[in-house]
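Student: Here's a structure for you.
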Amino acid sequence: MRHYILAFSFFILGAFAAFGQRTATDTTKKVIFKKNAEVRFYMGTKGDGSDAVPLFVNLKSPVRLTSSGKYTMTHLDLKLGKKIPFEVYADGQAPQTGFGIVEVDKGKDNIHHVKPPCIITFSASDDLSGLESIFVSLDGAPYFECIDTIALTEEKLHIVRFFSIDKVGNREKTSEIKVLVDGTPPVSNLEIRGDRSDNTISARSSVALLATDNHSVKKTVYKIDDGQEFRYGMPLKASTFAEGEHTISYFSEDFSGNREEPKEFTFFVDKSAPIVFVEIVGNSYVLNGKSYSSGRSQLQITAVDNKAGVNNIFYTINGNKAVEYTKPVYLSELIGSLSITAFATDKVNNKTSENNDNQLSNVPSVDISGPSVSHRFVGNKIFRNDTLFISPSTRIFLDGRDTESGLSHIVYRMDGAEEQTFDKPFAVTAEGNHAIAYTGFDNVENINSGKGAFFVDATGPEIACIFGQRPIGKSADGLDIYPSTLTLFLGATDAITGTNRLFYSLNAATKKPYGMPISELKPNQNYVLKVEAFDILGNTTFKEVRFAVGE
């Protein structure tokens with residue numbers, strides 16, 4: 001008996017997903033189903049599948065692809081004598097969608113801050129079946145298919161939601177971004193907190209910068225005068241500024257990069273209290289060798305202020321409650337020794353110290369007019385811009401005169417130092433501002449006071465020697481050698497009172513005033529130039545320059 005083995009060939013014609021489910025192929029002809037899809041396999045001998053019959057896998061049809069990845073089926077081809085594989089793939093991974101946005105800043109709550117128009121680019125990738133579509137929803141509107149970009153132009157907070165689907169229907173989870181489109185810059189305002197009169201403020205005041213924006217302010221930047229820029233954090237204390245005029249420049253910027261145009265505010269920081277002058281005036285007489293008040297003596301107080309202006313003047317008598325001074329006060333009802341202290345406030349509430357000795361007048365019990373006192377300066381002096389300038393050699397005289405009992409003596413204080421008795425003219429040599437307060441006594445102890453202020457200029461001019469040409473060499477002893485056509489210019493500047501005169505001499509020749517540039521110097525000769533400059537107050541500066549003149 002013979003046994004025959006009948007060999008025939010057949011085709012696995014295809015695999016098909018259950019109704020309603022997608023099938024995809026990639027560029028390599030892979031067959032791809034969605035994970036968990038129900039797949040039916042068919043087998044037949046004809047390429048057109050007309051005789052195909054269902055193929056059962058493990059006695060099952062359809063087959064559910066429960067895991068992602070590759071599934072391989074094989075059959076033995078007797079004609080070819082080998083196993084032929086048939087592969088299908090299950091895709092369980094959704095696409096991943098990314099976005100691109102040109103943002104200025106990412107502020108609080110993960111909000112993207114941008115200027116209009118805002119272009120958002122979307123892209124997605126899928127590792128197996130490939131991307132089918134990207135869908136986008138703007139501000140809760142229905143989803144639409146997005147090719148690659150969208151544009152946001154309306155200035156407001158936009159909610160953008162998006163997801164992608166691959167070719168077998170895997171849907172990505174919805175993502176959401178918040179995009180704030182803002183093309184309007186913030187608005188900054190300056191506020192003076194504390195003492196203020198027009199644009200004058202006190203050292204107790206502060207400068208606050210307040211910024212508002214439709215959404216949120218990122219930063220406020222300021223600078224004082226020509227200084228560097230700083231980020232504003234808290235009000236600026238005026239006490240940190242030097243007394244005088246200042247300009248603050250400021251602007252604000254939001255998270256979208258919108259910056260307002262810089263603003264400026266000029267103000268004056270006034271740290272100086274008013275200066276108060278106290279005087280007792282009135283008539284007196286003597287009866288039977290004893291002095292009495294006529295009852296017409298008055299307390300007169302005046303005050304001056306450097307900037308804001310005087311607001312109020314107050315005085316106290318013998319340490320009692322302060323009373324506002326509005327007009328001269330009669331002292332006829334006051335008996336005994338009097339201690340009068342006056343102080344003033346300006347319009348930004350700077351207050352004169354009540355303990356300032358220059359404001360204290362002691363009135364004797366026998367009340368008659370005190371001597372008249374004054375001061376004068378003998379020597380070089382100049383008055384400029386409300387300031388008297390003197391030299392270190394200028395002498396100060398204190399004069400007093402009393403037509404009743406006669407002048408007894410005068411005492412004075414310089415710059416609040418220890419009191420001294422005036423017996424001869426004196427000079428102040430220290431450069432800078434000075435104040436003198438003095439009191440004259442008559443022979444019955446009536447007093448009168450005065451004060452003055454001045455500036456001592458102890459510095460001479462600064463001399464400048466300018467050579468009209470550059471050196472052409474060095475001499476053996478190290479002097480710069482200039483051409484014989486050299487022209488030499490002399491000048492002097494004085495920072496305080498100004499230059500008055502300028503003299504020079506060459507090689508010990510007679511000193512002469514400088515008027516024209518120095519030229520026609522002899523060639524092949526060394527020179528010693530001596531220059532002497534005087535300012536208006538007679539302060540002198542010397543300078544010596546050595547050089548040589550060649551051919």
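A note on labels: chains of the structure tokens are A, B, ... as shown, every chain counts residues from 1, and ligands are counted from 1 in their shown order.
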Which residues are close to Ile313 (chain A), i.e. within 10 Å by only C-alpha atoms, leaving aside same-chain residues fewer than 4 positions away? Reply as a PyMOL selection string.

Tutor: chain A and resi 274+276+301-303+322-326+342-346+351-352

Student: Taking the chain letters and numbering used in this document, name the residues of region 21-228 of chain A that DSSP puts in strand (DSSP E or B), as a count of residues only.

Tutor: 119

Student: For each of A:Ile340, A:Val269, A:Val114, A:Leu138, take the minimum atom-to-atom distance to Asn306 (chain A), counting only C-alpha atoms, then give the residue where this is smallest.

Tutor: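 Residue with the minimum atom-to-atom distance to Asn306 (chain A): A:Val269.
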
Student: Glu132 (chain A): which residues within 9 Å, counting only C-alpha atoms, same-chain residues fewer than 2 positions away excluded, as a ChimeraX atom specification?

Tutor: /A:129-130,134,164-169

Student: Would you list the contacts of region 398-411 of chain A as an NGL selection string, taking every protein, DNA or RNA residue within 6 Å and counting only C-alpha atoms, but skipping same-chain residues closer than 6 positions in sequence?

Tutor: :A and (371-375 or 420-422 or 438-443)

Student: Can you work out the spacing between CA of Ser339 (chain A) and CA of Ile317 (chain A) in Å, to one decimal?

Tutor: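 Between these atoms lies a distance of 5.6 Å.
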
Student: Excluding Gly515 (chain A) and its own-chain neighbours fewer than 6 positions away, which residues fall within 9 Å of it when counting only C-alpha atoms? Please give them as JSON, numbers by chain.

Tutor: {"A": [490, 502, 503]}

Student: Grab the residues selected above and save them as a short mmCIF file (atom, residue, chain, number, x, y, z; two decimals), in the first residue's frame with N, CA and C atoms.

Tutor:
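And here's selection-v1.cif as it stands now:
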```cif
data_model
loop_
_atom_site.label_atom_id
_atom_site.label_comp_id
_atom_site.auth_asym_id
_atom_site.auth_seq_id
_atom_site.Cartn_x
_atom_site.Cartn_y
_atom_site.Cartn_z
N LEU A 490 47.52 130.27 28.71
CA LEU A 490 47.35 130.19 30.16
C LEU A 490 45.89 130.46 30.51
N LEU A 502 45.74 137.08 36.47
CA LEU A 502 46.66 136.00 36.12
C LEU A 502 47.98 136.63 35.67
N PHE A 503 49.09 136.22 36.34
CA PHE A 503 50.42 136.74 36.03
C PHE A 503 51.34 135.57 35.67
#
```

Student: Neighbouring residues of Ala453 (chain A) were defined as those with any atom within 10 Å, considering only C-alpha atoms; residues of the same chain fewer than 3 positions away were excluded. Please report them as JSON, numbers by chain.

Tutor: {"A": [387, 388, 389, 414, 415, 433, 434, 435, 436, 437]}

Student: Would you mind exporting the chosen residues as a tab-separated table (two decimals), in the first residue's frame, restricted to N, CA and C atoms?

Tutor:
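Resulting contents of result13.tsv:
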```
chain	number	residue	atom	x	y	z
A	387	THR	N	24.46	134.98	49.00
A	387	THR	CA	25.53	134.47	49.86
A	387	THR	C	26.69	135.45	49.87
A	388	LEU	N	27.21	135.73	51.06
A	388	LEU	CA	28.38	136.59	51.19
A	388	LEU	C	29.62	135.71	51.23
A	389	PHE	N	30.58	135.96	50.33
A	389	PHE	CA	31.84	135.23	50.29
A	389	PHE	C	32.96	136.13	50.79
A	414	MET	N	30.59	131.16	67.14
A	414	MET	CA	30.83	130.79	65.74
A	414	MET	C	30.40	129.34	65.53
A	415	ASP	N	29.44	129.18	64.62
A	415	ASP	CA	28.98	127.83	64.25
A	415	ASP	C	28.53	127.03	65.46
A	433	ASN	N	30.75	127.07	54.71
A	433	ASN	CA	29.69	127.91	55.27
A	433	ASN	C	29.89	128.10	56.77
A	434	HIS	N	29.63	129.29	57.25
A	434	HIS	CA	29.75	129.60	58.67
A	434	HIS	C	28.58	130.48	59.09
A	435	ALA	N	28.27	130.40	60.35
A	435	ALA	CA	27.21	131.23	60.93
A	435	ALA	C	27.73	131.84	62.23
A	436	ILE	N	27.42	133.10	62.42
A	436	ILE	CA	27.82	133.79	63.65
A	436	ILE	C	26.56	134.31	64.32
A	437	ALA	N	26.47	134.12	65.61
A	437	ALA	CA	25.39	134.66	66.43
A	437	ALA	C	26.04	135.46	67.56
```

Student: Any chance you could tabulate, as a tab-separated table, the residues of region 107-218 of chain A at most 9 Å from region 237-252 of chain A with each one's nearest atom pair and distance in Å to one decimal, using only C-alpha atoms, in chain and rising number order?

Tutor:
```
residue	atom	partner	partner_atom	distance
A:Pro185	CA	A:Ser252	CA	7.8
A:Pro186	CA	A:Ser252	CA	6.0
A:Val187	CA	A:Ser252	CA	7.0
A:Ser188	CA	A:Ser252	CA	6.3
A:Leu190	CA	A:Tyr250	CA	8.9
A:Thr200	CA	A:Glu245	CA	8.8
A:Ile201	CA	A:Ala238	CA	7.8
A:Ser202	CA	A:Ala238	CA	6.9
A:Ala203	CA	A:Ser239	CA	4.3
A:Arg204	CA	A:Ser239	CA	6.3
A:Ser205	CA	A:Ala238	CA	5.6
A:Ser206	CA	A:Lys237	CA	4.4
A:Val207	CA	A:Lys237	CA	6.6
A:Leu209	CA	A:Tyr250	CA	8.2
A:Ala211	CA	A:Ser252	CA	6.7
A:Thr212	CA	A:Ser252	CA	8.8
A:Val217	CA	A:Ser252	CA	7.2
A:Lys218	CA	A:Ser252	CA	7.6
```

Student: Take the selection from the previous step and output its residues with C-alpha atoms, as an mmCIF file, in the first residue's frame.

Tutor:
```cif
data_model
loop_
_atom_site.group_PDB
_atom_site.id
_atom_site.type_symbol
_atom_site.label_atom_id
_atom_site.label_comp_id
_atom_site.auth_asym_id
_atom_site.auth_seq_id
_atom_site.Cartn_x
_atom_site.Cartn_y
_atom_site.Cartn_z
ATOM 1 C CA PRO A 185 1.058 98.869 28.367
ATOM 2 C CA PRO A 186 0.624 99.544 32.086
ATOM 3 C CA VAL A 187 0.006 103.039 33.487
ATOM 4 C CA SER A 188 2.262 104.306 36.290
ATOM 5 C CA LEU A 190 3.664 108.874 41.267
ATOM 6 C CA THR A 200 8.677 120.625 47.591
ATOM 7 C CA ILE A 201 8.803 117.726 50.072
ATOM 8 C CA SER A 202 10.462 117.143 53.429
ATOM 9 C CA ALA A 203 12.969 114.488 54.444
ATOM 10 C CA ARG A 204 10.118 112.680 56.231
ATOM 11 C CA SER A 205 8.189 112.197 52.979
ATOM 12 C CA SER A 206 8.408 109.278 50.596
ATOM 13 C CA VAL A 207 7.895 108.828 46.864
ATOM 14 C CA LEU A 209 5.179 104.560 42.346
ATOM 15 C CA ALA A 211 1.237 100.946 38.467
ATOM 16 C CA THR A 212 -1.977 99.492 37.045
ATOM 17 C CA VAL A 217 2.292 94.438 36.118
ATOM 18 C CA LYS A 218 5.630 92.691 35.852
#
```

Student: Excluding region 459-469 of chain A and its own-chain neighbours fewer than 6 positions away, which residues fall within 7 Å of it when counting only C-alpha atoms? Please give them as a CSV table (one decimal) with C-alpha atoms, in the first residue's frame.

Tutor:
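Once everything was written out, this is part_0.csv:
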```csv
chain,number,residue,atom,x,y,z
A,486,LEU,CA,55.0,126.9,20.0
A,487,THR,CA,52.1,129.0,21.3
A,488,LEU,CA,51.4,128.7,25.0
A,489,PHE,CA,48.0,129.5,26.5
A,490,LEU,CA,47.3,130.2,30.2
A,491,GLY,CA,44.1,130.0,32.0
A,492,ALA,CA,42.6,129.7,35.5
A,493,THR,CA,39.3,128.7,36.9
A,494,ASP,CA,37.9,129.3,40.3
A,499,THR,CA,39.3,134.3,38.8
A,533,ALA,CA,46.6,133.4,39.8
A,534,PHE,CA,44.3,135.4,42.0
A,535,ASP,CA,40.6,134.9,42.6
A,539,ASN,CA,43.3,133.8,47.2
A,540,THR,CA,46.5,133.0,45.3
A,541,THR,CA,47.7,129.9,43.4
A,543,LYS,CA,52.3,126.9,39.3
```
